[in-house]
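Novice: Mind looking over this structure? Questions follow.
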Amino acid sequence: MSSAADGPSFVYTNVTPDHDHVHDHEVVLPIEDNPIWQQDNVELTSVGIDVGSSGTQVIFSNLLLRRIGEELSSRFIVVRRDTWYRSPVELTPYRPDDQIDAEALGRMIDAAYAAAKADPARIDTGVVILTGEALRRRNAARITQVLSEQGGELVCATAGHKMEAMLAAYGSGAAQRSYEQSSRILNIDIGGGTTKLGLVERGQVLETAAVDVGGRLVAVDDDAIIRRLEPSGRAHACRAGLSWEPGDTATEDQRSRVGAAMADALVDLLVDREGHGLRVLAGPLPARTAIDGVMFSGGVGEYVYGRESRDFGDLGPALGGRLRERIEDGSFPFPVLPPGECIRATALGASEYSIQLSGSTGYISDPDRLLPRRNLQVVRPDLSLGDDIDPQAVAVAVAQRLEAFDLDPAHDDVALALGWSGLPSYPRLHAFARGVADAMRPAIEADRPLVLVLDADVARSVGRLLREELEVKSDVLCIDGVRLWDFDFVDLGTLRFPSNTVPVTIKSLLFSDGANVDGDHDAGRDG
């Protein structure tokens, strides 16, 4: 984006077409003040709050999204990201009963907002993400809810290994590097409690997985007494011939043995060698063929690249140091690329890559009543649209998908993600809208709004057909230019002017009745 001083500007003038000069009284304004530019460019303020097994951090970014023209689509994509504040990375606070210390965590977040001079009311979008072992705490759901409420109206709570793997691949720079180099890169994000694998190709995250390797599965005090021992840490210690319990002494040599054993097991997994002994927490494992290079991220990535040497009383130095040895002696199976972001990767990804923006051709029957909306479960029916669309086939596909997710549109908040292909002719659109209306009849009869998200620029037509010709009496919120998938959850922001767009914040895991529900999220979507 250019300013009046360093880039193009529009001139608002009364010069007639046959004149080629500008009068002295004409005002030159920055391009950003031009209404046409504003319709195709949207700026958002975003926050990423990462509460991990080891560390907690807050990152604020300004995003510029620009409309791109594609066939039947004018989606917005992020074209510039300016990170304007990064909080210190502090150890995630735990109470003696192994729950997260909510009060101490709240003070950390408040301090970050104060230092950044950030007003929660002015945050457009963002994510609070709990990762690794922090997910296992009994009060994790309540903490994410409170933090998302404190962080800003449109900041949503999310968590999960697959979501973290995707965000880390973006935040580390692996996705951008793979796009610039037209290459296939495996991002290995090693945090305090888990290791996330993200396979990216030409800028897109194709596959994600997670295994139980982390730098802070064991933590000791200044006297080498074990003060924190995760179940995975106990298991790794057993494989190294040690029987650890809280209160035991874990010497530096013993921690080195356990960290080195974890590193060797991770290398065995990467070369698809049997007997690695690691537990796959989310999978399946990405294909490990035709990989052009590997990037490391996460807190342990700092040790792998030699950018950190301090000992925080855990397994991080030994784990990262052993991986560095395997790289230097040539026994690591893939070329290792220069570092990008390491300990900041997930927070940067949460701040910058969890947002999509709807197109400007939506239909919203009552914006004040319908927006904002939070925690909508996404269901994507399997539609096969031929030249002649069969309304009954559309209705059956939608109904079957709702039933598969055990959702009742008369009672449950749901967003239908609908794919469109082919010509947007009136007969095809009418048949499509009729099929959707038939499937959503229970919601219509219960006077619940229909929320439809399409990937092509036909939302306004579909919305008008539903309300004006098919006489759907309930409210209709139909937006386009956004690609969503099963197991996504979304928040929809308020309508933005003059672009007439709706911010869509994507998340892949919610908490339900105090339990963690990890969706098998297809990370190959655009976003």
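Chain labels A, B, ... are given in the sequence in which chains occur in the structure tokens; within each chain residues are numbered consecutively from 1, and ligands are likewise numbered from 1 in the order shown.
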Quick one: contact table of region 328-423 of chain A to region 482-498 of chain A, 7 Å max, nearest atom pair and distance in Å to one decimal per residue, counting only C-alpha atoms, chain and number order, as a Markdown table?
Specialist:
```
| residue | atom | partner | partner_atom | distance |
| --- | --- | --- | --- | --- |
| A:Gln356 | CA | A:Val482 | CA | 6.5 |
| A:Leu357 | CA | A:Val482 | CA | 6.8 |
| A:Ser358 | CA | A:Val482 | CA | 5.7 |
| A:Pro367 | CA | A:Leu495 | CA | 7.0 |
| A:Leu371 | CA | A:Thr494 | CA | 5.2 |
| A:Pro372 | CA | A:Gly493 | CA | 4.6 |
| A:Arg373 | CA | A:Leu492 | CA | 5.1 |
| A:Arg374 | CA | A:Asp491 | CA | 4.3 |
| A:Asn375 | CA | A:Val490 | CA | 5.5 |
| A:Leu376 | CA | A:Val490 | CA | 5.3 |
| A:Gln377 | CA | A:Phe489 | CA | 4.6 |
| A:Val378 | CA | A:Asp488 | CA | 5.4 |
| A:Val379 | CA | A:Asp486 | CA | 5.0 |
| A:Arg380 | CA | A:Asp486 | CA | 5.4 |
| A:Ala417 | CA | A:Leu484 | CA | 6.0 |
```
Novice: Counting only C-alpha atoms, what is within 12 Å of Gly349 (chain A), bar same-chain residues fewer than 3 positions away, as a PyMOL selection string?
Specialist: chain A and resi 46-50+58-61+81+83+126-129+163-176+297-298+341-346+352-355+527
Novice: Keeping only C-alpha atoms, write the selected residues as a PDB file, in the first residue's frame.
Specialist:
```
ATOM      1  CA  SER A  46      -5.854  -8.790  14.298  1.00  0.00           C
ATOM      2  CA  VAL A  47      -4.506 -10.379  17.472  1.00  0.00           C
ATOM      3  CA  GLY A  48      -3.024 -13.813  18.074  1.00  0.00           C
ATOM      4  CA  ILE A  49      -2.924 -15.093  21.662  1.00  0.00           C
ATOM      5  CA  ASP A  50      -0.939 -18.317  21.940  1.00  0.00           C
ATOM      6  CA  VAL A  58       0.462 -12.047  22.239  1.00  0.00           C
ATOM      7  CA  ILE A  59       1.005 -10.617  18.756  1.00  0.00           C
ATOM      8  CA  PHE A  60      -0.862  -7.766  17.064  1.00  0.00           C
ATOM      9  CA  SER A  61      -0.941  -7.315  13.291  1.00  0.00           C
ATOM     10  CA  ARG A  81       0.868  -8.180   7.060  1.00  0.00           C
ATOM     11  CA  THR A  83       3.145  -7.000  12.887  1.00  0.00           C
ATOM     12  CA  GLY A 126      -8.100 -12.785  16.011  1.00  0.00           C
ATOM     13  CA  VAL A 127      -7.620 -16.093  17.720  1.00  0.00           C
ATOM     14  CA  VAL A 128      -6.934 -17.374  21.219  1.00  0.00           C
ATOM     15  CA  ILE A 129      -5.293 -20.734  20.671  1.00  0.00           C
ATOM     16  CA  MET A 163      -5.056 -26.140  13.552  1.00  0.00           C
ATOM     17  CA  GLU A 164      -1.761 -25.427  15.312  1.00  0.00           C
ATOM     18  CA  ALA A 165       0.196 -27.324  12.653  1.00  0.00           C
ATOM     19  CA  MET A 166      -1.418 -25.256   9.918  1.00  0.00           C
ATOM     20  CA  LEU A 167      -0.896 -21.931  11.705  1.00  0.00           C
ATOM     21  CA  ALA A 168       2.741 -22.807  12.469  1.00  0.00           C
ATOM     22  CA  ALA A 169       3.391 -23.636   8.803  1.00  0.00           C
ATOM     23  CA  TYR A 170       2.095 -20.229   7.805  1.00  0.00           C
ATOM     24  CA  GLY A 171       3.614 -18.289  10.686  1.00  0.00           C
ATOM     25  CA  SER A 172       7.077 -19.841  10.305  1.00  0.00           C
ATOM     26  CA  GLY A 173       7.326 -18.692   6.710  1.00  0.00           C
ATOM     27  CA  ALA A 174       7.323 -22.219   5.270  1.00  0.00           C
ATOM     28  CA  ALA A 175       4.158 -21.611   3.239  1.00  0.00           C
ATOM     29  CA  GLN A 176       5.487 -18.376   1.781  1.00  0.00           C
ATOM     30  CA  SER A 297       9.731 -23.840  14.204  1.00  0.00           C
ATOM     31  CA  GLY A 298       8.449 -23.725  17.772  1.00  0.00           C
ATOM     32  CA  GLU A 341      10.039 -17.641  12.693  1.00  0.00           C
ATOM     33  CA  CYS A 342      10.473 -20.267  15.421  1.00  0.00           C
ATOM     34  CA  ILE A 343       9.003 -19.576  18.845  1.00  0.00           C
ATOM     35  CA  ARG A 344       6.698 -16.930  17.352  1.00  0.00           C
ATOM     36  CA  ALA A 345       5.368 -19.062  14.498  1.00  0.00           C
ATOM     37  CA  THR A 346       2.021 -20.197  15.931  1.00  0.00           C
ATOM     38  CA  GLU A 352      -2.459 -13.306  10.455  1.00  0.00           C
ATOM     39  CA  TYR A 353      -3.850 -16.397   8.790  1.00  0.00           C
ATOM     40  CA  SER A 354      -7.159 -17.253  10.463  1.00  0.00           C
ATOM     41  CA  ILE A 355      -9.246 -14.688   8.582  1.00  0.00           C
ATOM     42  CA  GLY A 527      -7.441 -19.143   4.130  1.00  0.00           C
TER      43      GLY A 527
END
```
Novice: Residues at most 8 Å from region 85-95 of chain A, counting only C-alpha atoms, excluding those fewer than 4 positions away in the same chain, as JSON, numbers by chain?
Specialist: {"A": [51, 52, 53, 54, 55, 56, 57, 58, 59, 60, 61, 99, 100, 101, 104, 105, 112, 116]}
Novice: Give me a file of those residues, with C-alpha atoms, as a tab-separated table (two decimals), in the first residue's frame.
Specialist:
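Written file, selection_26.tsv:
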```tsv
chain	number	residue	atom	x	y	z
A	51	VAL	CA	-1.16	-20.20	25.24
A	52	GLY	CA	1.22	-23.11	24.80
A	53	SER	CA	2.63	-25.92	26.89
A	54	SER	CA	5.70	-23.82	27.63
A	55	GLY	CA	5.12	-20.22	26.70
A	56	THR	CA	2.40	-17.63	26.30
A	57	GLN	CA	2.61	-14.66	23.94
A	58	VAL	CA	0.46	-12.05	22.24
A	59	ILE	CA	1.01	-10.62	18.76
A	60	PHE	CA	-0.86	-7.77	17.06
A	61	SER	CA	-0.94	-7.32	13.29
A	99	GLN	CA	-4.45	-26.42	36.06
A	100	ILE	CA	-3.62	-23.22	34.22
A	101	ASP	CA	-3.41	-20.26	36.59
A	104	ALA	CA	-1.75	-14.98	36.29
A	105	LEU	CA	-2.54	-15.64	32.64
A	112	ALA	CA	0.37	-7.13	26.54
A	116	ALA	CA	0.67	-2.36	22.76
```
Novice: Between A:Pro409, A:Pro96, A:Gly419, A:Gly247, which is the closest to Leu450 (chain A) once you count only C-alpha atoms?
Specialist: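 Closest residue, counting only C-alpha atoms: A:Pro409.
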Novice: Smallest atom-to-atom distance to Tyr363 (chain A): which of A:Glu207, A:Glu180, A:Glu468, A:Glu201, using only C-alpha atoms?
Specialist: A:Glu468
